[in-house]
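So this one's coords.pdb, PDB, C-alpha atoms:
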```
ATOM      1  CA  MET F   1     -24.406  49.094  99.626
ATOM      2  CA  GLU F   2     -25.094  45.539  98.499
ATOM      3  CA  PHE F   3     -28.483  44.604  99.902
ATOM      4  CA  ILE F   4     -29.327  40.940 100.373
ATOM      5  CA  TYR F   5     -32.447  39.631  98.663
ATOM      6  CA  SER F   6     -32.114  35.871  99.076
ATOM      7  CA  ILE F   7     -31.259  33.580 101.966
ATOM      8  CA  ASN F   8     -28.964  31.766  99.514
ATOM      9  CA  ASP F   9     -26.704  34.844  99.540
ATOM     10  CA  LEU F  10     -25.870  34.344 103.227
ATOM     11  CA  LYS F  11     -23.646  31.883 105.055
ATOM     12  CA  GLU F  12     -23.429  31.449 108.803
ATOM     13  CA  ASP F  13     -20.904  33.824 110.427
ATOM     14  CA  ASP F  14     -21.193  36.358 107.575
ATOM     15  CA  LEU F  15     -21.067  39.953 108.762
ATOM     16  CA  VAL F  16     -24.154  41.926 107.794
ATOM     17  CA  VAL F  17     -25.390  45.475 108.266
ATOM     18  CA  HIS F  18     -28.960  46.064 109.420
ATOM     19  CA  SER F  19     -30.170  49.513 108.399
ATOM     20  CA  LEU F  20     -31.418  50.309 111.924
ATOM     21  CA  HIS F  21     -29.147  48.288 114.225
ATOM     22  CA  GLY F  22     -25.743  48.271 112.520
ATOM     23  CA  ILE F  23     -23.116  45.567 112.087
ATOM     24  CA  GLY F  24     -23.971  42.066 113.254
ATOM     25  CA  ARG F  25     -23.076  38.443 112.582
ATOM     26  CA  TYR F  26     -25.558  36.185 110.778
ATOM     27  CA  LEU F  27     -26.111  33.034 112.845
ATOM     28  CA  GLY F  28     -28.566  31.204 110.628
ATOM     29  CA  LEU F  29     -32.209  30.599 109.920
ATOM     30  CA  SER F  30     -34.613  29.329 112.561
ATOM     31  CA  GLN F  31     -38.321  28.629 112.783
ATOM     32  CA  GLN F  32     -40.321  30.096 115.626
ATOM     33  CA  GLU F  33     -43.970  29.973 116.496
ATOM     34  CA  ILE F  34     -45.470  33.324 117.424
ATOM     35  CA  ASP F  35     -49.215  33.768 117.922
ATOM     36  CA  GLY F  36     -49.781  30.242 116.649
ATOM     37  CA  GLU F  37     -47.998  30.950 113.367
ATOM     38  CA  LEU F  38     -44.766  29.169 112.396
ATOM     39  CA  ARG F  39     -42.383  31.507 110.564
ATOM     40  CA  ASP F  40     -38.762  31.602 109.436
ATOM     41  CA  TYR F  41     -36.465  34.119 111.145
ATOM     42  CA  LEU F  42     -32.927  35.254 110.441
ATOM     43  CA  SER F  43     -30.845  35.323 113.603
ATOM     44  CA  ILE F  44     -28.331  38.191 113.894
ATOM     45  CA  GLU F  45     -25.886  38.498 116.798
ATOM     46  CA  TYR F  46     -24.716  41.897 118.038
ATOM     47  CA  ALA F  47     -22.307  43.066 120.765
ATOM     48  CA  ASN F  48     -22.835  41.647 124.262
ATOM     49  CA  SER F  49     -24.348  38.510 122.660
ATOM     50  CA  ASP F  50     -27.583  40.401 121.922
ATOM     51  CA  ARG F  51     -29.701  38.740 119.246
ATOM     52  CA  LEU F  52     -32.153  40.086 116.732
ATOM     53  CA  TYR F  53     -34.632  37.828 114.947
ATOM     54  CA  ILE F  54     -35.766  39.243 111.617
ATOM     55  CA  PRO F  55     -38.688  37.712 109.712
ATOM     56  CA  ALA F  56     -37.264  36.109 106.561
ATOM     57  CA  GLU F  57     -39.458  38.293 104.362
ATOM     58  CA  GLN F  58     -37.620  41.354 105.709
ATOM     59  CA  ILE F  59     -34.220  40.147 104.472
ATOM     60  CA  ASN F  60     -33.953  43.310 102.364
ATOM     61  CA  MET F  61     -33.206  45.209 105.622
ATOM     62  CA  LEU F  62     -29.765  43.563 105.538
ATOM     63  CA  ALA F  63     -26.733  44.426 103.458
ATOM     64  CA  ARG F  64     -23.451  42.583 103.153
ATOM     65  CA  TYR F  65     -20.687  44.114 105.293
ATOM     66  CA  ARG F  66     -17.809  45.274 103.106
ATOM     67  CA  GLY F  67     -15.120  46.352 105.547
ATOM     68  CA  SER F  68     -11.492  45.444 105.985
ATOM     69  CA  THR F  69     -10.850  41.764 106.608
ATOM     70  CA  SER F  70      -7.447  42.431 108.192
ATOM     71  CA  ILE F  71      -8.984  44.200 111.195
ATOM     72  CA  ALA F  72     -11.320  42.492 113.646
ATOM     73  CA  THR F  73     -14.743  44.020 113.070
ATOM     74  CA  LYS F  74     -16.540  45.412 116.096
ATOM     75  CA  LEU F  75     -20.183  44.379 116.269
ATOM     76  CA  SER F  76     -22.680  47.151 116.922
ATOM     77  CA  LYS F  77     -24.429  47.493 120.252
ATOM     78  CA  MET F  78     -28.193  47.191 120.021
ATOM     79  CA  GLY F  79     -30.196  50.017 121.526
ATOM     80  CA  GLY F  80     -27.278  52.419 121.746
ATOM     81  CA  THR F  81     -26.403  55.526 119.818
ATOM     82  CA  ASP F  82     -23.166  54.113 118.358
ATOM     83  CA  TRP F  83     -24.699  53.115 115.023
ATOM     84  CA  ASN F  84     -26.416  56.485 114.508
ATOM     85  CA  THR F  85     -23.148  58.253 115.400
ATOM     86  CA  THR F  86     -21.255  56.115 112.883
ATOM     87  CA  LYS F  87     -23.820  56.830 110.155
ATOM     88  CA  SER F  88     -23.600  60.581 110.872
ATOM     89  CA  LYS F  89     -19.791  60.558 110.660
ATOM     90  CA  VAL F  90     -19.857  58.659 107.373
ATOM     91  CA  LYS F  91     -22.481  61.008 105.925
ATOM     92  CA  LYS F  92     -20.364  64.025 106.885
ATOM     93  CA  ALA F  93     -17.233  62.458 105.354
ATOM     94  CA  VAL F  94     -19.083  61.709 102.107
ATOM     95  CA  ASP F  95     -20.465  65.257 102.001
ATOM     96  CA  ASP F  96     -16.932  66.657 102.516
ATOM     97  CA  ILE F  97     -15.537  64.536  99.679
ATOM     98  CA  ALA F  98     -18.379  65.573  97.363
ATOM     99  CA  PHE F  99     -17.789  69.257  98.186
ATOM    100  CA  LYS F 100     -14.053  68.921  97.461
ATOM    101  CA  LEU F 101     -14.737  67.146  94.165
ATOM    102  CA  ILE F 102     -17.203  69.823  93.046
ATOM    103  CA  ASN F 103     -14.646  72.539  93.829
ATOM    104  CA  LEU F 104     -11.886  70.642  92.023
ATOM    105  CA  TYR F 105     -13.961  70.193  88.867
ATOM    106  CA  ALA F 106     -15.086  73.840  88.979
ATOM    107  CA  LYS F 107     -11.443  74.969  89.134
ATOM    108  CA  ARG F 108     -10.523  72.652  86.258
ATOM    109  CA  LYS F 109     -13.365  74.014  84.136
ATOM    110  CA  LYS F 110     -12.310  77.619  84.760
ATOM    111  CA  SER F 111      -8.597  77.114  84.189
ATOM    112  CA  GLU F 112      -7.053  77.446  80.766
ATOM    113  CA  GLY F 113      -5.209  74.507  79.366
ATOM    114  CA  TYR F 114      -3.587  73.242  76.229
ATOM    115  CA  GLU F 115      -5.525  71.309  73.653
ATOM    116  CA  PHE F 116      -3.719  68.284  72.283
TER     117      PHE F 116
END
```
Rewrite the structure of this file - the entire thing - as C-alpha coordinates.
Amino acid sequence: MEFIYSINDLKEDDLVVHSLHGIGRYLGLSQQEIDGELRDYLSIEYANSDRLYIPAEQINMLARYRGSTSIATKLSKMGGTDWNTTKSKVKKAVDDIAFKLINLYAKRKKSEGYEF
(Lines of atoms letter the chains of each structure in order from A and count residues from 1; the text may use other names and numbers.)
(Lines give C-alpha, C1' and ligand atoms only; values in the text may rest on other atoms or scores of the structure.)
Protein backbone atom coordinates (compact mmCIF):
# COMPACT_ATOMS: atom_id res chain seq x y z
CA MET A 1 0.00 0.00 0.00
CA GLU A 2 1.43 3.36 -1.01
CA PHE A 3 0.70 5.74 1.84
CA ILE A 4 0.60 9.46 1.14
CA TYR A 5 2.91 11.69 3.17
CA SER A 6 2.66 15.02 1.37
CA ILE A 7 -0.20 17.12 0.05
CA ASN A 8 1.90 17.54 -3.11
CA ASP A 9 1.30 13.85 -3.86
CA LEU A 10 -2.44 14.43 -4.31
CA LYS A 11 -4.49 16.00 -7.08
CA GLU A 12 -8.19 16.77 -6.94
CA ASP A 13 -10.36 13.81 -8.00
CA ASP A 14 -7.65 11.27 -7.08
CA LEU A 15 -9.05 8.10 -5.54
CA VAL A 16 -7.66 7.42 -2.08
CA VAL A 17 -8.11 4.76 0.57
CA HIS A 18 -8.65 5.79 4.19
CA SER A 19 -7.63 3.02 6.57
CA LEU A 20 -10.91 3.23 8.50
CA HIS A 21 -13.46 4.45 5.94
CA GLY A 22 -12.39 2.89 2.64
CA ILE A 23 -12.27 4.24 -0.91
CA GLY A 24 -13.07 7.90 -1.43
CA ARG A 25 -12.36 10.75 -3.83
CA TYR A 26 -10.02 13.57 -2.79
CA LEU A 27 -11.77 16.91 -3.31
CA GLY A 28 -9.06 19.28 -2.17
CA LEU A 29 -7.68 21.20 0.76
CA SER A 30 -9.78 23.64 2.76
CA GLN A 31 -9.30 25.79 5.83
CA GLN A 32 -11.83 25.61 8.63
CA GLU A 33 -12.03 27.29 11.98
CA ILE A 34 -12.87 24.96 14.85
CA ASP A 35 -12.72 26.12 18.47
CA GLY A 36 -11.17 29.39 17.34
CA GLU A 37 -8.30 27.62 15.58
CA LEU A 38 -7.81 27.83 11.80
CA ARG A 39 -6.57 24.52 10.37
CA ASP A 40 -6.11 22.85 7.00
CA TYR A 41 -8.33 19.86 6.22
CA LEU A 42 -8.33 17.32 3.41
CA SER A 43 -11.81 16.82 2.00
CA ILE A 44 -12.71 13.25 0.97
CA GLU A 45 -16.01 12.35 -0.70
CA TYR A 46 -17.63 8.95 -0.17
CA ALA A 47 -20.80 7.27 -1.48
CA ASN A 48 -24.06 9.20 -1.11
CA SER A 49 -22.04 12.46 -1.27
CA ASP A 50 -20.85 11.94 2.32
CA ARG A 51 -17.75 13.96 3.17
CA LEU A 52 -14.93 13.41 5.58
CA TYR A 53 -12.61 16.23 6.63
CA ILE A 54 -9.21 14.98 7.78
CA PRO A 55 -6.74 17.30 9.51
CA ALA A 56 -3.80 17.80 7.13
CA GLU A 57 -1.38 16.42 9.71
CA GLN A 58 -3.20 13.07 9.51
CA ILE A 59 -2.52 12.65 5.78
CA ASN A 60 -0.67 9.41 6.56
CA MET A 61 -4.12 7.79 7.13
CA LEU A 62 -4.55 7.90 3.34
CA ALA A 63 -3.09 5.65 0.68
CA ARG A 64 -3.26 5.97 -3.08
CA TYR A 65 -5.94 3.74 -4.63
CA ARG A 66 -4.37 1.26 -7.04
CA GLY A 67 -7.30 -0.49 -8.67
CA SER A 68 -8.32 -1.06 -12.25
CA THR A 69 -8.84 2.10 -14.27
CA SER A 70 -11.04 0.33 -16.84
CA ILE A 71 -13.82 -0.28 -14.31
CA ALA A 72 -15.71 2.51 -12.58
CA THR A 73 -14.63 2.42 -8.94
CA LYS A 74 -17.36 2.25 -6.33
CA LEU A 75 -16.83 4.66 -3.46
CA SER A 76 -17.19 3.23 0.02
CA LYS A 77 -20.17 4.03 2.20
CA MET A 78 -19.26 5.78 5.43
CA GLY A 79 -20.55 4.21 8.61
CA GLY A 80 -21.42 0.89 7.01
CA THR A 81 -19.85 -2.53 7.25
CA ASP A 82 -18.91 -2.72 3.55
CA TRP A 83 -15.31 -1.62 4.05
CA ASN A 84 -14.69 -4.05 6.93
CA THR A 85 -16.24 -6.85 4.84
CA THR A 86 -13.98 -5.98 1.91
CA LYS A 87 -10.89 -5.95 4.13
CA SER A 88 -11.85 -9.35 5.59
CA LYS A 89 -12.31 -10.88 2.13
CA VAL A 90 -8.96 -9.54 0.95
CA LYS A 91 -7.21 -10.80 4.08
CA LYS A 92 -8.70 -14.27 3.56
CA ALA A 93 -7.66 -14.29 -0.11
CA VAL A 94 -4.10 -13.27 0.79
CA ASP A 95 -3.95 -15.96 3.49
CA ASP A 96 -5.16 -18.58 0.97
CA ILE A 97 -2.50 -17.56 -1.56
CA ALA A 98 0.22 -17.66 1.11
CA PHE A 99 -0.90 -21.13 2.22
CA LYS A 100 -0.83 -22.41 -1.38
CA LEU A 101 2.63 -20.94 -1.95
CA ILE A 102 4.01 -22.52 1.22
CA ASN A 103 2.64 -25.91 0.16
CA LEU A 104 4.03 -25.52 -3.36
CA TYR A 105 7.52 -24.68 -2.12
CA ALA A 106 7.41 -27.52 0.42
CA LYS A 107 6.54 -29.99 -2.36
CA ARG A 108 9.34 -28.61 -4.55
CA LYS A 109 11.85 -28.97 -1.72
CA LYS A 110 10.84 -32.59 -1.08
CA SER A 111 10.78 -33.69 -4.71
CA GLU A 112 13.85 -35.04 -6.43
CA GLY A 113 15.07 -33.28 -9.51
CA TYR A 114 17.93 -33.17 -11.92
CA GLU A 115 20.92 -30.96 -11.34
CA PHE A 116 22.12 -29.11 -14.40
- Message: Which residues would end up in the selection if the PyMOL selection byres ((chain F and resi 51-61) around 6) were applied here, given that I need the answer as a ChimeraX atom specification?
- Response: /F:4-5,18-19,40-45,50,62
- Task: One decimal, Å: what's the distance from atom CA of Ser49 of chain F over to atom CA of Gly79 of chain F, could you say?
- Result: 13.0 Å
- Message: Could you tell me, as a PyMOL selection string, exactly which residues end up selected when the PyMOL selection byres ((chain F and resi 15) around 12) is applied to this structure?
- Response: chain F and resi 4+9-14+16-18+22-28+43-46+62-69+72-76
- Calculate how many Å separate atom CA of Lys109 of chain F from atom CA of Asp96 of chain F, rounding to one decimal. 20.1 Å
- State, in Å with one decimal place, the distance from atom CA of Trp83 of chain F to atom CA of His21 of chain F. 6.6 Å
- Message: Between F:Asp95, F:Leu29, F:Leu20, F:Ile34, which residue has the minimum interatomic distance to Ile7 of chain F, considering all atoms listed in the file?
- Response: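 Ranking F:Asp95, F:Leu29, F:Leu20, F:Ile34 by distance to Ile7 of chain F, first place goes to F:Leu29.
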Box centre and edge lengths (Å, one decimal), axis-aligned, segment 38-44 of chain F plus 8 Å each side, as JSON:
```
{"center_x": -36.5, "center_y": 33.7, "center_z": 111.7, "size_x": 32.4, "size_y": 25.0, "size_z": 20.5}
```
Export segment 31-45 of chain F of the preceding structure, keeping all heavy atoms, as a CSV table (one decimal), in the first residue's frame.
```
chain,number,residue,atom,x,y,z
F,31,GLN,N,-9.6,25.3,4.5
F,31,GLN,CA,-9.3,25.8,5.8
F,31,GLN,C,-10.6,26.0,6.6
F,31,GLN,O,-11.6,26.5,6.0
F,31,GLN,CB,-8.6,27.1,5.8
F,31,GLN,CG,-7.1,27.0,5.3
F,31,GLN,CD,-6.4,28.3,5.6
F,31,GLN,OE1,-7.0,29.4,5.5
F,31,GLN,NE2,-5.1,28.2,5.7
F,32,GLN,N,-10.6,25.5,7.8
F,32,GLN,CA,-11.8,25.6,8.6
F,32,GLN,C,-11.4,26.0,10.0
F,32,GLN,O,-10.4,25.7,10.5
F,32,GLN,CB,-12.6,24.3,8.7
F,32,GLN,CG,-13.1,23.8,7.4
F,32,GLN,CD,-13.8,22.5,7.5
F,32,GLN,OE1,-14.3,22.2,8.6
F,32,GLN,NE2,-13.9,21.8,6.4
F,33,GLU,N,-12.3,26.8,10.6
F,33,GLU,CA,-12.0,27.3,12.0
F,33,GLU,C,-12.9,26.5,12.9
F,33,GLU,O,-14.1,26.4,12.8
F,33,GLU,CB,-12.4,28.8,12.1
F,33,GLU,CG,-12.0,29.3,13.5
F,33,GLU,CD,-12.2,30.8,13.6
F,33,GLU,OE1,-12.3,31.5,12.5
F,33,GLU,OE2,-12.3,31.3,14.7
F,34,ILE,N,-12.2,25.8,13.8
F,34,ILE,CA,-12.9,25.0,14.8
F,34,ILE,C,-12.3,25.3,16.2
F,34,ILE,O,-11.1,25.3,16.4
F,34,ILE,CB,-12.7,23.5,14.6
F,34,ILE,CG1,-13.4,23.1,13.2
F,34,ILE,CG2,-13.3,22.6,15.7
F,34,ILE,CD1,-13.2,21.7,12.8
F,35,ASP,N,-13.1,25.7,17.1
F,35,ASP,CA,-12.7,26.1,18.5
F,35,ASP,C,-11.7,27.3,18.4
F,35,ASP,O,-10.8,27.3,19.1
F,35,ASP,CB,-12.1,25.0,19.3
F,35,ASP,CG,-13.1,23.9,19.6
F,35,ASP,OD1,-14.3,24.2,19.7
F,35,ASP,OD2,-12.7,22.7,19.7
F,36,GLY,N,-12.0,28.2,17.5
F,36,GLY,CA,-11.2,29.4,17.3
F,36,GLY,C,-9.8,29.2,16.7
F,36,GLY,O,-9.0,30.1,16.6
F,37,GLU,N,-9.6,27.9,16.2
F,37,GLU,CA,-8.3,27.6,15.6
F,37,GLU,C,-8.5,27.3,14.1
F,37,GLU,O,-9.3,26.5,13.7
F,37,GLU,CB,-7.7,26.4,16.3
F,37,GLU,CG,-6.3,26.1,15.8
F,37,GLU,CD,-5.7,24.9,16.6
F,37,GLU,OE1,-6.2,24.6,17.7
F,37,GLU,OE2,-4.8,24.3,16.1
F,38,LEU,N,-7.7,28.0,13.2
F,38,LEU,CA,-7.8,27.8,11.8
F,38,LEU,C,-6.8,26.7,11.4
F,38,LEU,O,-5.7,26.8,11.7
F,38,LEU,CB,-7.4,29.1,11.1
F,38,LEU,CG,-7.7,29.2,9.6
F,38,LEU,CD1,-9.2,29.0,9.3
F,38,LEU,CD2,-7.2,30.5,9.0
F,39,ARG,N,-7.4,25.7,10.8
F,39,ARG,CA,-6.6,24.5,10.4
F,39,ARG,C,-6.9,24.1,9.0
F,39,ARG,O,-8.0,24.4,8.4
F,39,ARG,CB,-6.8,23.3,11.3
F,39,ARG,CG,-6.4,23.6,12.7
F,39,ARG,CD,-6.8,22.5,13.7
F,39,ARG,NE,-6.1,21.3,13.4
F,39,ARG,CZ,-6.3,20.2,14.0
F,39,ARG,NH1,-7.2,20.1,15.0
F,39,ARG,NH2,-5.6,19.1,13.7
F,40,ASP,N,-5.9,23.4,8.3
F,40,ASP,CA,-6.1,22.8,7.0
F,40,ASP,C,-6.7,21.4,7.1
F,40,ASP,O,-6.3,20.6,7.9
F,40,ASP,CB,-4.8,22.8,6.3
F,40,ASP,CG,-4.2,24.1,5.9
F,40,ASP,OD1,-5.0,25.0,5.7
F,40,ASP,OD2,-3.0,24.3,5.8
F,41,TYR,N,-7.7,21.2,6.2
F,41,TYR,CA,-8.3,19.9,6.2
F,41,TYR,C,-8.4,19.3,4.8
F,41,TYR,O,-8.6,20.1,3.8
F,41,TYR,CB,-9.8,20.0,6.7
F,41,TYR,CG,-9.9,20.2,8.2
F,41,TYR,CD1,-9.8,21.5,8.8
F,41,TYR,CD2,-10.0,19.1,9.1
F,41,TYR,CE1,-9.9,21.7,10.1
F,41,TYR,CE2,-10.0,19.3,10.5
F,41,TYR,CZ,-10.0,20.6,11.0
F,41,TYR,OH,-10.0,20.8,12.3
F,42,LEU,N,-8.2,18.0,4.7
F,42,LEU,CA,-8.3,17.3,3.4
F,42,LEU,C,-9.8,16.9,3.3
F,42,LEU,O,-10.3,16.3,4.2
F,42,LEU,CB,-7.4,16.1,3.4
F,42,LEU,CG,-6.0,16.3,3.6
F,42,LEU,CD1,-5.2,15.0,3.9
F,42,LEU,CD2,-5.3,17.1,2.5
F,43,SER,N,-10.4,17.2,2.2
F,43,SER,CA,-11.8,16.8,2.0
F,43,SER,C,-11.9,15.6,1.1
F,43,SER,O,-11.4,15.5,0.0
F,43,SER,CB,-12.6,18.0,1.3
F,43,SER,OG,-13.9,17.6,1.1
F,44,ILE,N,-12.6,14.5,1.7
F,44,ILE,CA,-12.7,13.2,1.0
F,44,ILE,C,-14.2,13.0,0.8
F,44,ILE,O,-15.0,13.0,1.8
F,44,ILE,CB,-12.1,12.1,1.8
F,44,ILE,CG1,-10.6,12.4,2.2
F,44,ILE,CG2,-12.1,10.8,0.9
F,44,ILE,CD1,-9.7,12.6,1.1
F,45,GLU,N,-14.6,12.7,-0.4
F,45,GLU,CA,-16.0,12.4,-0.7
F,45,GLU,C,-16.2,10.8,-0.8
F,45,GLU,O,-15.4,10.1,-1.4
F,45,GLU,CB,-16.4,13.0,-2.0
F,45,GLU,CG,-17.9,12.7,-2.4
F,45,GLU,CD,-18.3,13.3,-3.7
F,45,GLU,OE1,-17.5,13.2,-4.6
F,45,GLU,OE2,-19.4,13.8,-3.8
```
